[in-house]
Amino acid sequence: MARISIVGTGYVGLVAAACFADLGNRVVCVDIDADKIAALRSGRVPIWEPGLQELVARNTAAERLFFTTDYRDGLAGSQFIFLCVDTPSLDDGRPDMRRVEAAVTSIAASVTHPVVLVNKSTVPVGTGEWVEERLASGKLAGSQVSVASCPEFLREGSAVQDFMHPDRIVIGCPLPDVARRVADLHKPLAAPLVFTDLRTAELIKFASNGYLATRISFVNHIARLCEATGVDVQEVARGMALDSRIGDGFLSPGLGFGGSCFPKDLRALRYLGHSYGIDTALPDAVLSINRAARAWVPEQVRALLGERVHGAEIGLLGLAFKPGTDDLREAPAMDIARELQRAGCTVRAYDPAALHKASALLPDLVPARNAWELAEGADVLVICTEWNEFRHLDMKRIASIMRRRILLDGRGVCDPAAMRKLGFVFRGIGRGQAWEREAGRRA
Ligand code: UDX
């Protein structure tokens, strides 16, 4: 059993805290947000994440998990402090380090015993060394702190599962005995370990997210070629994925990536390139293809409705940036809703988890309680998030209650031929069809 303090109770911090507590450790969470700490103390988990509520409740009841706003109380007697504060993008793409800096200052002022500070926040390369220097500067009381970097790779929607079953654990630390102690803490997770230095660990996080986002933009580029050439991108992706060197992960074409990590980390990679005078053509292209992916919906609506765009009733199926979460950060659907509203459409939406949050952000959005209410009298339906329940909708019934039967599939959920058979005017991202190719050749 180790004594762990976690600074920051966002996705990464709260999941790490609940999971480490469940593995038998004593964990104290420290956050400066008093409302959040009060909610957590009364058993309310502020994020929507499968399994997290139960884990927090179980470990709070077992007195292994505690919450406080007081750094001194929260860090007293701890062997490990995990730094899990967020680092959102500034306008120029640089990660905003103010929360990291404030947390490090508070930690240094509160710690009076030897402790290992493990950074889990996604931070620019060199931050760990900066923290070491800051702590050793003598002005602060934290010179007994050793620093390690242990980037987190969990995904929203499967965060608990990902934390408990990681593909690898990266431990960046210049001191082998400290690295070993961090490794011991993760032993129950039985994952391969990568021991390295601070800078390498920090770059592994950006490189991993950057590569995954690049795959998505790559397949979205191919999707555009597929539409132009009458080819179905789903078949192309399947044909690629069977090559063992390529594999099938992160090759789903669609409206592109959103969320709190990929867009921000790509901007940070671009900024890093600029700072070192290295060509940024790759992150530039990934980001620009990603912007274009979400523009596909308004483009299709304009092409199909022409003058009738103004006053058209558009229904968005799904708002969250991906299924399994209520997170709307950088969600394609939100940009699409704004763009269609600007074009004079009435935008309705249904999402199993994110509708409430979306209505607060976009007051003109017309909320629907389910897919039927959404489709009733609508001109166009757009699948923006591939929630499982959208895969099993009675599309015949949907077709029968729409005003114009236009269906835009932004997430590869529908079978184009089946939809056309039901009478829909159907467009799917990258779903060029052989008959279109033939028709084009004959014309
Ligand atoms: C991501 C990383 O996967 C995770 O390792 C890191 O810690 C945080 O960032 P997350 O943002 O939760 O996790 O979601 P993820 O499941 O990776 O999806 C990111 C985005 O890419 C979503 O918008 C999703 O819709 C999109 N995506 C994903 C695609 O468009 N196509 C794909 O094939 C996969």
# chains A, B, ... in the order shown; residues from 1 in each chain; ligands from 1

$ residues_around --residues "Gly126 (chain A)" --least-positions-apart "2" --cutoff "12 Å" --atoms "only C-alpha atoms" --output "ChimeraX atom specification"
/A:122-124,128-133,148-149,172,197-203,272

$ write_last_selection --atoms "N, CA and C atoms" --output "tab-separated table (two decimals), in the first residue's frame"
chain	number	residue	atom	x	y	z
A	122	THR	N	-0.20	16.53	-19.89
A	122	THR	CA	0.52	16.57	-21.18
A	122	THR	C	1.23	17.92	-21.26
A	123	VAL	N	2.56	17.88	-21.22
A	123	VAL	CA	3.32	19.13	-21.09
A	123	VAL	C	4.42	19.22	-22.15
A	124	PRO	N	4.84	20.44	-22.50
A	124	PRO	CA	5.90	20.59	-23.50
A	124	PRO	C	7.19	19.90	-23.07
A	128	GLY	N	9.58	18.72	-17.32
A	128	GLY	CA	10.07	17.98	-16.14
A	128	GLY	C	11.36	18.58	-15.61
A	129	GLU	N	12.26	18.93	-16.55
A	129	GLU	CA	13.54	19.52	-16.12
A	129	GLU	C	13.31	20.90	-15.51
A	130	TRP	N	12.36	21.63	-16.10
A	130	TRP	CA	12.02	22.95	-15.55
A	130	TRP	C	11.49	22.79	-14.11
A	131	VAL	N	10.65	21.78	-13.88
A	131	VAL	CA	10.10	21.54	-12.54
A	131	VAL	C	11.24	21.20	-11.58
A	132	GLU	N	12.16	20.37	-12.03
A	132	GLU	CA	13.31	20.00	-11.17
A	132	GLU	C	14.08	21.25	-10.75
A	133	GLU	N	14.35	22.11	-11.75
A	133	GLU	CA	15.12	23.33	-11.45
A	133	GLU	C	14.35	24.22	-10.50
A	148	ALA	N	9.41	12.70	-11.91
A	148	ALA	CA	9.28	11.66	-12.96
A	148	ALA	C	8.15	12.07	-13.90
A	149	SER	N	8.18	11.51	-15.12
A	149	SER	CA	7.09	11.76	-16.06
A	149	SER	C	6.44	10.42	-16.40
A	172	GLY	N	9.47	8.18	-17.29
A	172	GLY	CA	10.64	9.01	-17.59
A	172	GLY	C	11.21	9.54	-16.29
A	197	ASP	N	14.13	8.82	-20.15
A	197	ASP	CA	14.36	10.08	-19.43
A	197	ASP	C	13.12	10.97	-19.53
A	198	LEU	N	13.16	12.08	-18.83
A	198	LEU	CA	11.98	12.96	-18.75
A	198	LEU	C	11.54	13.47	-20.13
A	199	ARG	N	12.48	14.00	-20.91
A	199	ARG	CA	12.13	14.58	-22.21
A	199	ARG	C	11.52	13.54	-23.15
A	200	THR	N	12.12	12.34	-23.14
A	200	THR	CA	11.61	11.31	-24.05
A	200	THR	C	10.17	10.94	-23.67
A	201	ALA	N	9.92	10.79	-22.38
A	201	ALA	CA	8.56	10.44	-21.94
A	201	ALA	C	7.58	11.52	-22.37
A	202	GLU	N	7.99	12.78	-22.23
A	202	GLU	CA	7.09	13.88	-22.60
A	202	GLU	C	6.79	13.85	-24.10
A	203	LEU	N	7.83	13.54	-24.89
A	203	LEU	CA	7.61	13.53	-26.35
A	203	LEU	C	6.83	12.30	-26.80
A	272	LEU	N	5.76	23.27	-31.36
A	272	LEU	CA	7.10	22.74	-31.06
A	272	LEU	C	7.99	22.84	-32.30

$ residues_near_ligand --ligand "ligand 1" --cutoff "9 Å" --atoms "only C-alpha atoms and all ligand atoms" --output "VMD selection string"
chain A and resid 12 122 151 to 159 162 205 208 to 209 212 to 213 215 to 217 219 to 220 248 to 263 265 290 320 to 323 325 330 to 332 385 to 386 411

$ residues_around --residues "Tyr11 (chain A)" --least-positions-apart "2" --cutoff "10 Å" --atoms "only C-alpha atoms" --output "PyMOL selection string"
chain A and resi 8-9+13-16+46-49+84-86+154-156+159-160

$ write_last_selection --atoms "all heavy atoms" --output "tab-separated table (two decimals), in the first residue's frame"
chain	number	residue	atom	x	y	z
A	8	GLY	N	-5.34	17.75	-9.07
A	8	GLY	CA	-6.19	17.92	-10.26
A	8	GLY	C	-7.15	16.74	-10.37
A	8	GLY	O	-6.72	15.59	-10.44
A	9	THR	N	-8.45	17.06	-10.38
A	9	THR	CA	-9.44	15.97	-10.44
A	9	THR	C	-10.25	16.01	-11.73
A	9	THR	O	-11.47	15.87	-11.72
A	9	THR	CB	-10.41	16.02	-9.23
A	9	THR	OG1	-10.94	17.34	-9.16
A	9	THR	CG2	-9.74	15.66	-7.95
A	13	GLY	N	-6.91	12.83	-13.58
A	13	GLY	CA	-6.66	12.79	-12.13
A	13	GLY	C	-7.67	11.93	-11.39
A	13	GLY	O	-7.30	11.08	-10.57
A	14	LEU	N	-8.95	12.12	-11.69
A	14	LEU	CA	-9.97	11.40	-10.94
A	14	LEU	C	-9.94	9.90	-11.26
A	14	LEU	O	-10.08	9.06	-10.36
A	14	LEU	CB	-11.36	12.00	-11.25
A	14	LEU	CG	-12.48	11.53	-10.34
A	14	LEU	CD1	-12.16	11.79	-8.87
A	14	LEU	CD2	-13.79	12.22	-10.72
A	15	VAL	N	-9.73	9.59	-12.51
A	15	VAL	CA	-9.66	8.16	-12.88
A	15	VAL	C	-8.43	7.52	-12.23
A	15	VAL	O	-8.52	6.44	-11.64
A	15	VAL	CB	-9.63	8.00	-14.42
A	15	VAL	CG1	-9.33	6.56	-14.81
A	15	VAL	CG2	-10.95	8.45	-15.03
A	16	ALA	N	-7.28	8.19	-12.30
A	16	ALA	CA	-6.07	7.64	-11.68
A	16	ALA	C	-6.29	7.46	-10.18
A	16	ALA	O	-5.93	6.42	-9.61
A	16	ALA	CB	-4.88	8.56	-11.94
A	46	PRO	N	-18.40	14.43	-11.16
A	46	PRO	CA	-18.79	15.45	-12.16
A	46	PRO	C	-18.58	15.04	-13.61
A	46	PRO	O	-18.95	15.78	-14.51
A	46	PRO	CB	-17.92	16.65	-11.80
A	46	PRO	CG	-16.78	16.11	-11.01
A	46	PRO	CD	-17.20	14.81	-10.41
A	47	ILE	N	-17.97	13.88	-13.89
A	47	ILE	CA	-17.81	13.49	-15.29
A	47	ILE	C	-18.54	12.17	-15.56
A	47	ILE	O	-18.71	11.36	-14.67
A	47	ILE	CB	-16.32	13.39	-15.71
A	47	ILE	CG1	-15.53	12.51	-14.74
A	47	ILE	CG2	-15.70	14.75	-15.87
A	47	ILE	CD1	-14.07	12.37	-15.11
A	48	TRP	N	-18.92	12.03	-16.81
A	48	TRP	CA	-19.71	10.88	-17.26
A	48	TRP	C	-18.74	9.84	-17.77
A	48	TRP	O	-18.20	9.97	-18.86
A	48	TRP	CB	-20.59	11.40	-18.41
A	48	TRP	CG	-21.79	10.60	-18.72
A	48	TRP	CD1	-23.02	10.70	-18.13
A	48	TRP	CD2	-21.91	9.61	-19.74
A	48	TRP	NE1	-23.89	9.83	-18.72
A	48	TRP	CE2	-23.23	9.14	-19.70
A	48	TRP	CE3	-21.04	9.05	-20.67
A	48	TRP	CZ2	-23.69	8.15	-20.56
A	48	TRP	CZ3	-21.50	8.06	-21.51
A	48	TRP	CH2	-22.82	7.63	-21.45
A	49	GLU	N	-18.47	8.82	-16.97
A	49	GLU	CA	-17.45	7.84	-17.37
A	49	GLU	C	-17.85	6.47	-16.84
A	49	GLU	O	-17.98	6.31	-15.62
A	49	GLU	CB	-16.10	8.29	-16.81
A	49	GLU	CG	-14.90	7.57	-17.37
A	49	GLU	CD	-14.73	7.79	-18.87
A	49	GLU	OE1	-14.89	8.91	-19.35
A	49	GLU	OE2	-14.46	6.81	-19.57
A	84	CYS	N	-1.86	16.19	-12.28
A	84	CYS	CA	-2.84	15.86	-13.35
A	84	CYS	C	-3.70	17.07	-13.69
A	84	CYS	O	-4.92	16.96	-13.79
A	84	CYS	CB	-3.76	14.72	-12.89
A	84	CYS	SG	-2.91	13.23	-12.37
A	85	VAL	N	-3.08	18.24	-13.83
A	85	VAL	CA	-3.88	19.42	-14.18
A	85	VAL	C	-3.90	19.58	-15.70
A	85	VAL	O	-3.01	19.07	-16.39
A	85	VAL	CB	-3.33	20.70	-13.50
A	85	VAL	CG1	-3.48	20.60	-12.00
A	85	VAL	CG2	-1.89	20.96	-13.88
A	86	ASP	N	-4.90	20.29	-16.22
A	86	ASP	CA	-4.98	20.35	-17.68
A	86	ASP	C	-4.12	21.48	-18.26
A	86	ASP	O	-3.74	22.42	-17.55
A	86	ASP	CB	-6.42	20.42	-18.18
A	86	ASP	CG	-7.15	21.62	-17.64
A	86	ASP	OD1	-6.65	22.20	-16.67
A	86	ASP	OD2	-8.20	21.98	-18.20
A	154	LEU	N	-5.14	7.16	-21.39
A	154	LEU	CA	-6.53	6.70	-21.34
A	154	LEU	C	-7.43	7.52	-22.26
A	154	LEU	O	-7.17	8.68	-22.55
A	154	LEU	CB	-7.06	6.73	-19.91
A	154	LEU	CG	-7.08	8.02	-19.09
A	154	LEU	CD1	-8.22	8.92	-19.48
A	154	LEU	CD2	-7.16	7.67	-17.61
A	155	ARG	N	-8.49	6.87	-22.73
A	155	ARG	CA	-9.47	7.53	-23.59
A	155	ARG	C	-10.74	7.82	-22.80
A	155	ARG	O	-11.12	7.02	-21.93
A	155	ARG	CB	-9.86	6.61	-24.77
A	155	ARG	CG	-8.76	6.40	-25.77
A	155	ARG	CD	-9.04	5.19	-26.62
A	155	ARG	NE	-9.08	3.98	-25.79
A	155	ARG	CZ	-9.39	2.78	-26.23
A	155	ARG	NH1	-9.72	2.60	-27.49
A	155	ARG	NH2	-9.37	1.74	-25.42
A	156	GLU	N	-11.41	8.89	-23.14
A	156	GLU	CA	-12.71	9.15	-22.53
A	156	GLU	C	-13.68	8.06	-22.99
A	156	GLU	O	-13.61	7.58	-24.11
A	156	GLU	CB	-13.25	10.51	-22.97
A	156	GLU	CG	-12.43	11.64	-22.40
A	156	GLU	CD	-12.99	13.00	-22.78
A	156	GLU	OE1	-14.17	13.11	-23.12
A	156	GLU	OE2	-12.20	13.96	-22.72
A	159	ALA	N	-12.15	5.13	-19.85
A	159	ALA	CA	-11.01	5.59	-19.07
A	159	ALA	C	-10.59	4.59	-17.98
A	159	ALA	O	-9.40	4.31	-17.81
A	159	ALA	CB	-11.33	6.95	-18.46
A	160	VAL	N	-11.57	4.05	-17.27
A	160	VAL	CA	-11.24	3.14	-16.17
A	160	VAL	C	-10.61	1.86	-16.73
A	160	VAL	O	-9.56	1.40	-16.26
A	160	VAL	CB	-12.51	2.80	-15.34
A	160	VAL	CG1	-12.25	1.68	-14.35
A	160	VAL	CG2	-13.02	4.05	-14.64

$ atom_distance --atom1 "CA of Asp327 (chain A)" --atom2 "CA of Leu52 (chain A)"
15.4 Å

$ select_by_dssp --residues "region 144-360 of chain A" --states "alpha helix (DSSP H)" --output "ChimeraX atom specification"
/A:159-164,176-185,198-229,233-241,262-275,281-305,332-342,355-360

$ write_last_selection --atoms "C-alpha atoms" --output "mmCIF file, in the first residue's frame"
data_model
loop_
_atom_site.group_PDB
_atom_site.id
_atom_site.type_symbol
_atom_site.label_atom_id
_atom_site.label_comp_id
_atom_site.auth_asym_id
_atom_site.auth_seq_id
_atom_site.Cartn_x
_atom_site.Cartn_y
_atom_site.Cartn_z
ATOM 1 C CA ALA A 159 -11.005 5.593 -19.075
ATOM 2 C CA VAL A 160 -11.242 3.137 -16.167
ATOM 3 C CA GLN A 161 -10.731 0.150 -18.417
ATOM 4 C CA ASP A 162 -7.780 1.856 -20.167
ATOM 5 C CA PHE A 163 -6.150 2.813 -16.864
ATOM 6 C CA MET A 164 -6.454 -0.711 -15.490
ATOM 7 C CA PRO A 176 16.849 4.557 -11.522
ATOM 8 C CA ASP A 177 15.733 3.919 -7.920
ATOM 9 C CA VAL A 178 12.921 6.472 -8.198
ATOM 10 C CA ALA A 179 11.874 5.030 -11.589
ATOM 11 C CA ARG A 180 11.740 1.574 -9.980
ATOM 12 C CA ARG A 181 9.478 2.859 -7.183
ATOM 13 C CA VAL A 182 7.098 4.381 -9.753
ATOM 14 C CA ALA A 183 7.168 1.059 -11.636
ATOM 15 C CA ASP A 184 6.316 -0.876 -8.430
ATOM 16 C CA LEU A 185 3.253 1.281 -7.977
ATOM 17 C CA LEU A 198 11.983 12.960 -18.750
ATOM 18 C CA ARG A 199 12.134 14.578 -22.207
ATOM 19 C CA THR A 200 11.606 11.305 -24.052
ATOM 20 C CA ALA A 201 8.562 10.438 -21.939
ATOM 21 C CA GLU A 202 7.089 13.879 -22.600
ATOM 22 C CA LEU A 203 7.605 13.529 -26.348
ATOM 23 C CA ILE A 204 6.212 9.969 -26.449
ATOM 24 C CA LYS A 205 2.831 11.377 -25.404
ATOM 25 C CA PHE A 206 2.718 14.006 -28.188
ATOM 26 C CA ALA A 207 4.123 11.578 -30.750
ATOM 27 C CA SER A 208 1.501 8.922 -29.928
ATOM 28 C CA ASN A 209 -1.445 11.306 -30.131
ATOM 29 C CA GLY A 210 0.033 12.999 -33.181
ATOM 30 C CA TYR A 211 0.419 9.697 -34.994
ATOM 31 C CA LEU A 212 -3.132 8.523 -34.205
ATOM 32 C CA ALA A 213 -4.564 11.852 -35.375
ATOM 33 C CA THR A 214 -2.445 11.597 -38.540
ATOM 34 C CA ARG A 215 -4.000 8.212 -39.333
ATOM 35 C CA ILE A 216 -7.470 9.716 -38.995
ATOM 36 C CA SER A 217 -6.659 12.640 -41.297
ATOM 37 C CA PHE A 218 -4.972 10.259 -43.711
ATOM 38 C CA VAL A 219 -8.058 8.090 -44.044
ATOM 39 C CA ASN A 220 -10.218 11.229 -44.294
ATOM 40 C CA HIS A 221 -8.054 12.398 -47.195
ATOM 41 C CA ILE A 222 -8.568 9.018 -48.854
ATOM 42 C CA ALA A 223 -12.318 9.395 -48.165
ATOM 43 C CA ARG A 224 -12.396 12.534 -50.292
ATOM 44 C CA LEU A 225 -10.586 10.716 -53.094
ATOM 45 C CA CYS A 226 -13.137 7.911 -52.773
ATOM 46 C CA GLU A 227 -16.064 10.282 -53.243
ATOM 47 C CA ALA A 228 -14.397 11.782 -56.306
ATOM 48 C CA THR A 229 -13.617 8.410 -57.864
ATOM 49 C CA VAL A 233 -13.724 4.201 -48.326
ATOM 50 C CA GLN A 234 -14.943 1.475 -45.946
ATOM 51 C CA GLU A 235 -13.695 -1.129 -48.394
ATOM 52 C CA VAL A 236 -10.424 0.727 -48.904
ATOM 53 C CA ALA A 237 -9.878 0.932 -45.124
ATOM 54 C CA ARG A 238 -10.657 -2.782 -44.745
ATOM 55 C CA GLY A 239 -8.205 -3.601 -47.499
ATOM 56 C CA MET A 240 -5.522 -1.503 -45.838
ATOM 57 C CA ALA A 241 -6.146 -2.759 -42.306
ATOM 58 C CA PHE A 262 -5.917 15.355 -30.290
ATOM 59 C CA PRO A 263 -6.628 18.909 -31.559
ATOM 60 C CA LYS A 264 -4.689 20.477 -28.694
ATOM 61 C CA ASP A 265 -1.749 18.080 -29.013
ATOM 62 C CA LEU A 266 -1.512 18.607 -32.784
ATOM 63 C CA ARG A 267 -1.394 22.359 -32.228
ATOM 64 C CA ALA A 268 1.301 21.796 -29.595
ATOM 65 C CA LEU A 269 3.322 19.632 -32.021
ATOM 66 C CA ARG A 270 3.068 22.394 -34.615
ATOM 67 C CA TYR A 271 4.175 24.959 -32.050
ATOM 68 C CA LEU A 272 7.100 22.736 -31.056
ATOM 69 C CA GLY A 273 8.166 22.574 -34.718
ATOM 70 C CA HIS A 274 7.938 26.364 -35.045
ATOM 71 C CA SER A 275 9.974 26.854 -31.857
ATOM 72 C CA ALA A 281 3.867 20.624 -42.944
ATOM 73 C CA LEU A 282 2.686 17.370 -41.341
ATOM 74 C CA PRO A 283 0.756 18.722 -38.315
ATOM 75 C CA ASP A 284 -0.486 21.599 -40.534
ATOM 76 C CA ALA A 285 -1.973 19.118 -43.012
ATOM 77 C CA VAL A 286 -3.476 16.916 -40.299
ATOM 78 C CA LEU A 287 -5.231 19.915 -38.767
ATOM 79 C CA SER A 288 -6.410 21.334 -42.072
ATOM 80 C CA ILE A 289 -7.826 17.977 -43.270
ATOM 81 C CA ASN A 290 -9.555 17.690 -39.912
ATOM 82 C CA ARG A 291 -11.178 21.113 -40.318
ATOM 83 C CA ALA A 292 -12.328 20.184 -43.816
ATOM 84 C CA ALA A 293 -13.873 16.928 -42.570
ATOM 85 C CA ARG A 294 -16.497 18.724 -40.506
ATOM 86 C CA ALA A 295 -17.164 21.219 -43.300
ATOM 87 C CA TRP A 296 -18.443 18.270 -45.376
ATOM 88 C CA VAL A 297 -21.914 18.499 -43.762
ATOM 89 C CA PRO A 298 -22.719 22.157 -44.562
ATOM 90 C CA GLU A 299 -21.228 21.608 -48.055
ATOM 91 C CA GLN A 300 -23.597 18.684 -48.681
ATOM 92 C CA VAL A 301 -26.592 20.540 -47.235
ATOM 93 C CA ARG A 302 -25.911 23.512 -49.521
ATOM 94 C CA ALA A 303 -25.377 21.267 -52.554
ATOM 95 C CA LEU A 304 -28.579 19.300 -51.943
ATOM 96 C CA LEU A 305 -30.905 22.098 -50.835
ATOM 97 C CA PRO A 332 -17.527 18.438 -34.961
ATOM 98 C CA ALA A 333 -21.305 18.484 -34.367
ATOM 99 C CA MET A 334 -21.130 21.772 -32.483
ATOM 100 C CA ASP A 335 -19.280 23.525 -35.333
ATOM 101 C CA ILE A 336 -21.709 21.984 -37.812
ATOM 102 C CA ALA A 337 -24.704 23.261 -35.803
ATOM 103 C CA ARG A 338 -23.254 26.783 -35.687
ATOM 104 C CA GLU A 339 -22.469 26.806 -39.409
ATOM 105 C CA LEU A 340 -25.958 25.577 -40.355
ATOM 106 C CA GLN A 341 -27.588 28.125 -38.060
ATOM 107 C CA ARG A 342 -25.517 30.843 -39.766
ATOM 108 C CA LEU A 355 -27.840 17.285 -25.101
ATOM 109 C CA HIS A 356 -28.120 19.169 -21.846
ATOM 110 C CA LYS A 357 -24.583 20.556 -22.073
ATOM 111 C CA ALA A 358 -25.091 21.447 -25.750
ATOM 112 C CA SER A 359 -28.288 23.388 -25.080
ATOM 113 C CA ALA A 360 -26.425 25.497 -22.529
#

$ closest_residue --among "A:Gly306, A:Gly247, A:Pro114, A:Gly74" --to "Val7 (chain A)" --atoms "only C-alpha atoms"
A:Gly74
